[in-house]
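Listing of query-v1.txt; format and content: compact mmCIF, C-alpha atoms.
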# COMPACT_ATOMS: atom_id res chain seq x y z
CA MET A 1 -92.55 21.08 57.72
CA ARG A 2 -93.74 19.37 60.91
CA PHE A 3 -97.29 18.02 60.72
CA GLY A 4 -99.75 17.18 63.44
CA VAL A 5 -102.57 14.77 62.60
CA LEU A 6 -106.12 15.11 63.87
CA SER A 7 -107.38 11.60 64.65
CA THR A 8 -106.17 8.09 63.97
CA ALA A 9 -108.34 7.71 60.86
CA GLU A 10 -107.44 4.88 58.51
CA ILE A 11 -106.57 7.17 55.60
CA GLY A 12 -103.96 8.83 57.81
CA ARG A 13 -102.54 5.64 59.29
CA GLU A 14 -102.42 3.66 56.07
CA SER A 15 -101.60 6.29 53.45
CA VAL A 16 -100.91 9.89 54.40
CA ILE A 17 -98.70 9.57 57.49
CA PRO A 18 -96.34 7.04 55.86
CA ALA A 19 -96.28 9.20 52.73
CA ILE A 20 -95.26 12.31 54.66
CA GLN A 21 -92.60 10.28 56.45
CA ARG A 22 -91.19 9.28 53.05
CA SER A 23 -90.71 12.96 52.22
CA GLU A 24 -88.31 15.47 53.73
CA HIS A 25 -91.08 16.50 56.13
CA ALA A 26 -92.20 14.90 59.40
CA VAL A 27 -95.29 13.86 61.31
CA ALA A 28 -94.45 15.13 64.78
CA ALA A 29 -97.74 14.71 66.63
CA ILE A 30 -101.05 12.87 66.53
CA GLY A 31 -104.20 13.48 68.53
CA SER A 32 -107.13 11.25 69.35
CA ARG A 33 -110.11 11.25 71.70
CA ASP A 34 -108.66 7.97 73.00
CA ALA A 35 -105.29 8.45 74.69
CA ASP A 36 -104.33 4.78 74.41
CA ARG A 37 -105.24 4.78 70.73
CA ALA A 38 -103.15 7.90 70.07
CA ARG A 39 -100.13 6.42 71.86
CA ALA A 40 -100.46 3.07 70.08
CA VAL A 41 -100.59 4.65 66.63
CA ALA A 42 -97.74 7.00 67.50
CA ASP A 43 -95.59 4.06 68.61
CA GLN A 44 -96.54 2.01 65.57
CA LEU A 45 -95.68 4.79 63.10
CA GLY A 46 -92.77 6.41 64.91
CA ILE A 47 -94.53 9.68 65.78
CA GLU A 48 -92.83 11.45 68.67
CA SER A 49 -95.84 13.02 70.44
CA ALA A 50 -99.33 11.67 71.15
CA TYR A 51 -102.21 13.67 72.61
CA SER A 52 -105.48 12.56 74.19
CA ASP A 53 -107.47 15.38 72.61
CA TYR A 54 -107.23 17.60 69.56
CA GLU A 55 -107.31 20.88 71.49
CA THR A 56 -104.13 20.11 73.42
CA MET A 57 -102.30 19.01 70.31
CA LEU A 58 -103.17 22.25 68.51
CA ALA A 59 -102.10 24.32 71.52
CA GLU A 60 -98.96 22.50 72.61
CA ALA A 61 -97.44 20.41 69.82
CA ASP A 62 -94.29 21.61 68.06
CA ILE A 63 -95.85 21.64 64.59
CA ASP A 64 -96.23 23.95 61.60
CA ALA A 65 -99.28 22.41 59.95
CA VAL A 66 -102.17 20.04 60.49
CA TYR A 67 -103.44 17.17 58.38
CA ASN A 68 -107.19 16.86 58.99
CA PRO A 69 -108.78 13.49 58.09
CA LEU A 70 -111.76 13.80 60.45
CA PRO A 71 -115.28 12.93 59.23
CA ASN A 72 -116.62 15.31 56.58
CA GLY A 73 -118.96 17.11 58.95
CA LEU A 74 -116.05 18.02 61.26
CA HIS A 75 -113.60 19.28 58.64
CA ALA A 76 -114.54 22.95 58.86
CA GLU A 77 -114.73 23.16 62.66
CA TRP A 78 -111.32 21.64 63.33
CA SER A 79 -109.64 23.32 60.40
CA ARG A 80 -110.77 26.65 61.86
CA ARG A 81 -109.37 25.68 65.24
CA ALA A 82 -106.04 24.87 63.62
CA ALA A 83 -106.06 28.25 61.88
CA ASP A 84 -106.76 29.92 65.25
CA ALA A 85 -103.52 28.28 66.45
CA GLY A 86 -101.65 29.78 63.48
CA LEU A 87 -101.30 26.44 61.71
CA HIS A 88 -101.58 25.67 58.01
CA VAL A 89 -104.04 22.91 57.11
CA LEU A 90 -104.09 20.10 54.58
CA CYS A 91 -107.69 18.90 54.85
CA GLU A 92 -109.18 15.73 53.42
CA LYS A 93 -111.83 15.99 50.75
CA PRO A 94 -114.53 17.13 50.73
CA LEU A 95 -113.30 20.29 52.40
CA ALA A 96 -116.71 21.23 53.81
CA VAL A 97 -120.33 20.13 53.85
CA ASP A 98 -121.30 22.59 51.11
CA ALA A 99 -119.99 25.53 49.07
CA ALA A 100 -121.12 28.16 51.58
CA GLU A 101 -119.15 26.51 54.37
CA ALA A 102 -116.13 26.11 52.08
CA ALA A 103 -116.20 29.80 51.12
CA ASP A 104 -116.40 30.83 54.77
CA LEU A 105 -113.50 28.51 55.59
CA PHE A 106 -111.21 29.96 52.92
CA SER A 107 -112.02 33.50 54.08
CA TYR A 108 -111.30 32.47 57.66
CA PHE A 109 -107.85 31.22 56.68
CA GLU A 110 -107.10 34.27 54.56
CA ASP A 111 -107.96 36.55 57.48
CA ARG A 112 -105.48 34.66 59.67
CA GLY A 113 -102.70 34.49 57.10
CA VAL A 114 -102.41 30.71 56.98
CA THR A 115 -102.76 28.25 54.09
CA LEU A 116 -105.64 25.84 53.47
CA MET A 117 -105.55 23.09 50.84
CA GLU A 118 -108.04 20.35 50.05
CA ALA A 119 -106.33 16.97 49.78
CA PHE A 120 -107.08 15.78 46.25
CA MET A 121 -103.95 13.64 46.02
CA TYR A 122 -104.67 12.23 42.54
CA GLN A 123 -104.10 15.68 41.05
CA PHE A 124 -100.41 15.38 41.96
CA HIS A 125 -99.86 12.09 40.16
CA PRO A 126 -97.77 12.51 36.97
CA ARG A 127 -100.41 10.56 35.02
CA THR A 128 -103.11 13.10 35.89
CA GLU A 129 -100.84 15.92 34.76
CA ARG A 130 -100.01 14.09 31.53
CA ALA A 131 -103.66 13.26 30.82
CA ARG A 132 -104.61 16.92 30.97
CA GLU A 133 -101.64 17.78 28.78
CA VAL A 134 -102.59 15.20 26.13
CA VAL A 135 -106.21 16.35 26.05
CA GLY A 136 -105.22 20.00 25.94
CA GLU A 137 -102.45 19.77 23.37
CA GLU A 138 -102.77 16.58 21.30
CA LEU A 139 -106.47 15.81 20.99
CA GLY A 140 -109.25 17.75 19.31
CA GLU A 141 -112.29 19.37 20.84
CA ILE A 142 -113.81 17.52 23.79
CA THR A 143 -117.35 16.27 23.32
CA SER A 144 -117.84 14.39 26.59
CA VAL A 145 -116.12 13.12 29.73
CA ASP A 146 -117.20 10.15 31.86
CA ALA A 147 -115.80 9.58 35.35
CA SER A 148 -116.70 6.98 37.95
CA PHE A 149 -115.54 5.83 41.38
CA THR A 150 -117.30 2.97 43.15
CA PHE A 151 -116.43 0.44 45.82
CA ARG A 152 -118.32 -1.93 48.08
CA LEU A 153 -118.79 -0.55 51.59
CA ASP A 154 -119.71 -3.50 53.80
CA ASP A 155 -119.59 -1.94 57.27
CA ALA A 156 -123.11 -0.83 58.19
CA GLY A 157 -121.69 1.36 60.96
CA ASP A 158 -119.22 3.23 58.77
CA ILE A 159 -119.26 7.01 59.29
CA ARG A 160 -119.69 7.46 55.54
CA LEU A 161 -123.27 6.29 56.02
CA ASP A 162 -123.99 8.90 58.71
CA PRO A 163 -126.00 11.91 57.47
CA ASP A 164 -125.01 13.95 60.55
CA LEU A 165 -121.37 13.70 59.46
CA ALA A 166 -122.08 14.64 55.81
CA GLY A 167 -121.81 11.08 54.58
CA GLY A 168 -122.82 9.71 51.20
CA SER A 169 -121.12 8.34 48.12
CA LEU A 170 -121.07 11.65 46.23
CA MET A 171 -119.25 13.35 49.09
CA ASP A 172 -116.86 10.45 49.67
CA VAL A 173 -115.85 9.21 46.22
CA GLY A 174 -118.08 11.06 43.78
CA CYS A 175 -116.13 14.22 44.55
CA TYR A 176 -113.23 12.64 42.65
CA ALA A 177 -115.39 11.99 39.60
CA VAL A 178 -116.66 15.58 39.69
CA SER A 179 -113.10 16.84 40.01
CA ALA A 180 -111.95 14.74 37.06
CA VAL A 181 -114.73 15.99 34.77
CA ARG A 182 -114.09 19.60 35.77
CA GLY A 183 -110.35 19.09 35.23
CA PHE A 184 -111.02 18.50 31.54
CA LEU A 185 -114.17 20.55 30.89
CA GLY A 186 -114.08 23.39 33.40
CA GLU A 187 -117.08 24.64 35.33
CA PRO A 188 -120.47 23.27 34.21
CA ASP A 189 -123.53 25.41 33.62
CA ARG A 190 -126.14 22.93 34.82
CA ALA A 191 -126.28 19.70 36.76
CA TYR A 192 -128.74 16.84 36.87
CA GLY A 193 -128.43 14.29 39.64
CA HIS A 194 -130.07 11.06 40.73
CA ALA A 195 -129.49 9.59 44.19
CA VAL A 196 -130.27 6.13 45.57
CA ASP A 197 -130.35 5.30 49.28
CA SER A 198 -130.21 1.51 49.10
CA ARG A 199 -129.69 1.03 52.85
CA ALA A 200 -132.23 3.48 54.30
CA THR A 201 -129.47 5.50 55.97
CA SER A 202 -130.58 8.94 54.69
CA VAL A 203 -127.44 9.27 52.55
CA ASP A 204 -126.87 8.38 48.92
CA THR A 205 -125.24 4.98 48.51
CA THR A 206 -125.29 5.34 44.73
CA PHE A 207 -125.28 8.59 42.79
CA SER A 208 -125.20 9.40 39.09
CA GLY A 209 -125.18 12.80 37.47
CA VAL A 210 -124.90 14.73 34.25
CA LEU A 211 -123.00 18.01 34.01
CA GLU A 212 -124.14 20.16 31.10
CA TYR A 213 -122.29 22.93 29.29
CA ASP A 214 -123.90 25.63 27.19
CA ASP A 215 -121.67 24.78 24.22
CA GLY A 216 -123.03 21.22 24.08
CA ARG A 217 -120.28 19.37 25.90
CA VAL A 218 -121.35 17.00 28.65
CA GLY A 219 -119.82 15.30 31.67
CA ARG A 220 -121.20 12.19 33.34
CA VAL A 221 -120.32 11.13 36.88
CA ALA A 222 -121.12 7.95 38.79
CA CYS A 223 -120.22 6.78 42.27
CA GLY A 224 -121.41 4.41 44.93
CA PHE A 225 -120.90 2.07 47.85
CA ASP A 226 -122.87 -0.90 46.47
CA THR A 227 -120.71 -2.31 43.66
CA PRO A 228 -117.07 -3.50 43.33
CA ASN A 229 -114.20 -1.09 42.98
CA ASN A 230 -114.12 0.83 39.72
CA GLU A 231 -112.06 3.97 39.11
CA ARG A 232 -112.08 5.34 35.59
CA TYR A 233 -112.29 8.43 33.45
CA ARG A 234 -112.65 8.61 29.69
CA VAL A 235 -112.51 11.68 27.47
CA GLU A 236 -114.12 11.65 24.03
CA THR A 237 -112.96 14.18 21.45
CA THR A 238 -113.72 15.00 17.83
CA ASP A 239 -110.65 13.05 16.70
CA GLY A 240 -110.06 10.45 19.40
CA TRP A 241 -110.28 9.57 23.07
CA LEU A 242 -108.29 9.16 26.28
CA GLU A 243 -108.86 6.73 29.13
CA ALA A 244 -107.32 6.00 32.53
CA ARG A 245 -108.26 3.22 34.94
CA ASN A 246 -107.34 2.88 38.61
CA CYS A 247 -107.12 6.61 38.20
CA PHE A 248 -107.72 8.00 41.70
CA GLY A 249 -106.12 5.69 44.23
CA PRO A 250 -103.20 3.68 42.86
CA GLY A 251 -100.91 2.46 45.60
CA PRO A 252 -97.36 3.79 46.03
CA ASP A 253 -95.98 0.56 44.55
CA GLN A 254 -98.29 0.43 41.51
CA SER A 255 -97.28 1.49 38.04
CA VAL A 256 -100.17 2.82 35.97
CA SER A 257 -100.97 3.55 32.35
CA LEU A 258 -102.77 6.06 30.19
CA THR A 259 -104.22 5.11 26.81
CA TYR A 260 -105.37 7.49 24.10
CA ALA A 261 -106.06 7.54 20.38
CA VAL A 262 -105.86 10.29 17.79
CA ASP A 263 -107.26 9.76 14.28
CA GLY A 264 -107.24 6.01 14.84
CA ARG A 265 -103.65 5.83 16.09
CA GLU A 266 -103.57 4.40 19.60
CA ALA A 267 -100.84 4.91 22.20
CA THR A 268 -100.29 3.74 25.77
CA GLU A 269 -97.97 5.49 28.21
CA THR A 270 -96.81 3.79 31.40
CA PHE A 271 -95.89 5.63 34.59
CA ASP A 272 -93.58 4.29 37.24
CA ALA A 273 -94.95 3.81 40.73
CA VAL A 274 -95.02 6.99 42.82
CA ASP A 275 -96.61 7.89 46.12
CA GLN A 276 -99.10 10.57 45.17
CA TYR A 277 -99.69 11.34 48.85
CA THR A 278 -96.00 12.15 49.21
CA LEU A 279 -96.15 14.39 46.15
CA GLN A 280 -99.21 16.11 47.61
CA ALA A 281 -97.51 16.77 50.96
CA GLU A 282 -94.40 18.09 49.25
CA ALA A 283 -96.42 20.41 47.00
CA PHE A 284 -98.38 21.71 49.99
CA ALA A 285 -95.25 22.34 52.05
CA ASP A 286 -93.49 23.99 49.10
CA ALA A 287 -96.43 26.35 48.55
CA VAL A 288 -96.43 27.32 52.22
CA ALA A 289 -92.66 27.87 52.27
CA ALA A 290 -92.81 30.05 49.14
CA GLY A 291 -95.89 31.96 50.26
CA GLU A 292 -97.67 30.80 47.11
CA THR A 293 -101.21 29.62 46.44
CA PRO A 294 -101.36 25.81 46.47
CA ARG A 295 -102.25 23.95 43.28
CA VAL A 296 -105.59 22.85 44.73
CA ASP A 297 -106.65 26.38 45.54
CA ARG A 298 -109.81 28.23 46.52
CA ALA A 299 -111.14 28.33 42.96
CA GLU A 300 -110.61 24.59 42.48
CA SER A 301 -112.24 23.60 45.75
CA MET A 302 -115.12 26.02 45.33
CA GLY A 303 -115.80 24.75 41.81
CA ASN A 304 -116.09 21.21 43.09
CA ALA A 305 -118.26 22.22 46.05
CA ARG A 306 -120.67 24.24 43.93
CA THR A 307 -121.05 21.37 41.46
CA ILE A 308 -121.72 18.86 44.24
CA ASP A 309 -124.28 21.24 45.77
CA ALA A 310 -126.05 21.48 42.40
CA LEU A 311 -126.08 17.71 41.93
CA TYR A 312 -127.65 17.19 45.35
CA ARG A 313 -130.17 19.97 44.76
CA SER A 314 -131.12 18.47 41.42
CA ALA A 315 -131.58 15.03 42.98
CA GLU A 316 -133.95 16.54 45.53
CA GLU A 317 -135.92 18.52 42.93
CA GLY A 318 -135.92 15.89 40.20
CA ALA A 319 -134.85 18.36 37.54
CA PRO A 320 -131.66 20.00 36.20
CA VAL A 321 -130.49 23.03 38.16
CA ALA A 322 -128.02 25.80 37.42
CA VAL A 323 -124.59 25.55 39.00
CA ALA A 324 -124.10 28.66 41.08
CA ASP A 325 -122.09 31.46 39.51
CA PRO A 326 -118.68 31.61 41.22
CA ASN A 327 -118.95 35.40 41.32

What's the structure tokens form of this structure?
Amino acid sequence: MRFGVLSTAEIGRESVIPAIQRSEHAVAAIGSRDADRARAVADQLGIESAYSDYETMLAEADIDAVYNPLPNGLHAEWSRRAADAGLHVLCEKPLAVDAAEAADLFSYFEDRGVTLMEAFMYQFHPRTERAREVVGEELGEITSVDASFTFRLDDAGDIRLDPDLAGGSLMDVGCYAVSAVRGFLGEPDRAYGHAVDSRATSVDTTFSGVLEYDDGRVGRVACGFDTPNNERYRVETTDGWLEARNCFGPGPDQSVSLTYAVDGREATETFDAVDQYTLQAEAFADAVAAGETPRVDRAESMGNARTIDALYRSAEEGAPVAVADPN
């Protein structure tokens, strides 16, 4: 598969483009609003074609798919434009500004017969797959799940602090915590959220939430831009627990571990370093080639979007709210 990349965003330059280049696929084009910037990044990363605007790249580049790492508020617009050009899209998370926009986007792609996948790379790491297997097959009933993702964002001009571009910590990193809780517990019935805007930017710089289930299970999520890096999820069960740290963004050269206990017997499993962005690109391309639904599919993305919507709505109302019925 030949990818074109919309923008010279850091996540693309530093992580996704090199990861695709380490696979059997290629990054064949990159577009930017700044022609010099596009050419410089293309030369630096060995990309054959550079374009001074996104429209020309979509219309003229010899590509099969697009990787879209634009700001959150632009994801839907430019993913649609790629679909209009007959291109498949791997789009950074969050896929859209809310669940309604995400639903419209999936329908748009379905009508045009092209594939859309939200780029939750951590789901393709072998540790994530093993963690879900351990919880599902070796531990007892889940009672609670805690997930957090924080880091210190020092740049006051960062687009993640821009409300017009759907910024905020819940959208940027909290979406991972929500995804992790849902990966173990499924879709919540209610959500209670609390947002803090510590920098008067009109976006949440810290967010905490509780996801409630009618059977008594509970998920807790936390995220933010105001404290040092912390990535963790922990699952509590009737007979033990499971925990993973550095669980969302380990580098391609980092080995990681997973620790769990059953009836007081503790075990730690270690996983060799892998590039989860490479695994994500390969899984996306394989799904497209086979005409299959990608692993991060409509149901997965919609579940996350609906939960995030409910958390924000709860934070505004100051009370728990129901998570919208997927049907």

Using all atoms listed in the file, what does the table of stretch 62-125 of chain A residues within 10 Å of stretch 12-16 of chain A look like, with each row giving the shortest atom pair and its distance in Å to one decimal, sorted by chain and ascending number, as a Markdown table?
| residue | atom | partner | partner_atom | distance |
| --- | --- | --- | --- | --- |
| A:Tyr67 | CA | A:Gly12 | CA | 8.4 |
| A:Asn68 | CA | A:Gly12 | CA | 8.7 |
| A:Pro69 | CA | A:Gly12 | CA | 6.7 |
| A:Leu70 | CA | A:Gly12 | CA | 9.6 |
| A:Glu92 | CA | A:Gly12 | CA | 9.7 |
| A:Met121 | CA | A:Val16 | CA | 9.7 |

Contacts of A:Asp155 within 12 Å, only C-alpha atoms, excl. fewer than 3 positions in-chain, as a short mmCIF file (atom, residue, chain, number, x, y, z; two decimals) with C-alpha atoms, in the frame of the given file:
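Saved as selection-v8.cif:
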data_model
loop_
_atom_site.label_atom_id
_atom_site.label_comp_id
_atom_site.auth_asym_id
_atom_site.auth_seq_id
_atom_site.Cartn_x
_atom_site.Cartn_y
_atom_site.Cartn_z
CA ARG A 152 -118.32 -1.93 48.08
CA ASP A 158 -119.22 3.23 58.77
CA ILE A 159 -119.26 7.01 59.29
CA ARG A 160 -119.69 7.46 55.54
CA LEU A 161 -123.27 6.29 56.02
CA ASP A 162 -123.99 8.90 58.71
CA ARG A 199 -129.69 1.03 52.85
CA PHE A 225 -120.90 2.07 47.85
CA ASP A 226 -122.87 -0.90 46.47
#

- Item | Close residues, stretch 272-275 of chain A itself excluded, 12 Å, only C-alpha atoms, min 3 positions apart in chain, as a PyMOL selection string | chain A and resi 15-23+121-127+248-258+269+278-282

For stretch 76-162 of chain A versus stretch 175-190 of chain A, which residues have an atom no more than 10 Å away, and what is each residue's nearest atom pair and distance in Å rounded to one decimal, using only C-alpha atoms, chain-then-number order, as CSV?
residue,atom,partner,partner_atom,distance
A:Lys93,CA,A:Cys175,CA,7.8
A:Pro94,CA,A:Cys175,CA,7.0
A:Phe120,CA,A:Tyr176,CA,7.8
A:Met121,CA,A:Tyr176,CA,9.9
A:Tyr122,CA,A:Tyr176,CA,8.6
A:Gln123,CA,A:Ala180,CA,8.9
A:Thr128,CA,A:Ala180,CA,9.1
A:Ala131,CA,A:Phe184,CA,9.1
A:Arg132,CA,A:Phe184,CA,6.6
A:Glu133,CA,A:Phe184,CA,9.8
A:Val135,CA,A:Phe184,CA,7.6
A:Gly136,CA,A:Phe184,CA,8.2
A:Ile142,CA,A:Leu185,CA,7.7
A:Thr143,CA,A:Leu185,CA,9.3
A:Ser144,CA,A:Leu185,CA,8.4
A:Val145,CA,A:Val181,CA,6.0
A:Asp146,CA,A:Val181,CA,7.0
A:Ala147,CA,A:Ala177,CA,4.9
A:Ser148,CA,A:Ala177,CA,5.4
A:Phe149,CA,A:Ala177,CA,6.4
A:Thr150,CA,A:Ala177,CA,9.9

- Counting all atoms listed in the file, the residue among A:Thr307, A:Gln44, A:Thr56, A:Ser198 that lies closest to A:Leu170 is A:Thr307

- Nearest to A:Val196, restricted to only C-alpha atoms and choosing among A:Ala289, A:Cys223, A:Ala119, A:Leu58, comes out as A:Cys223

- Name the residues in contact with A:Ala283 at a cut-off of 8 Å, using only C-alpha atoms, excluding same-chain residues fewer than 4 positions from it; report them as an MDAnalysis selection string. chainID A and resid 279 287 294:295
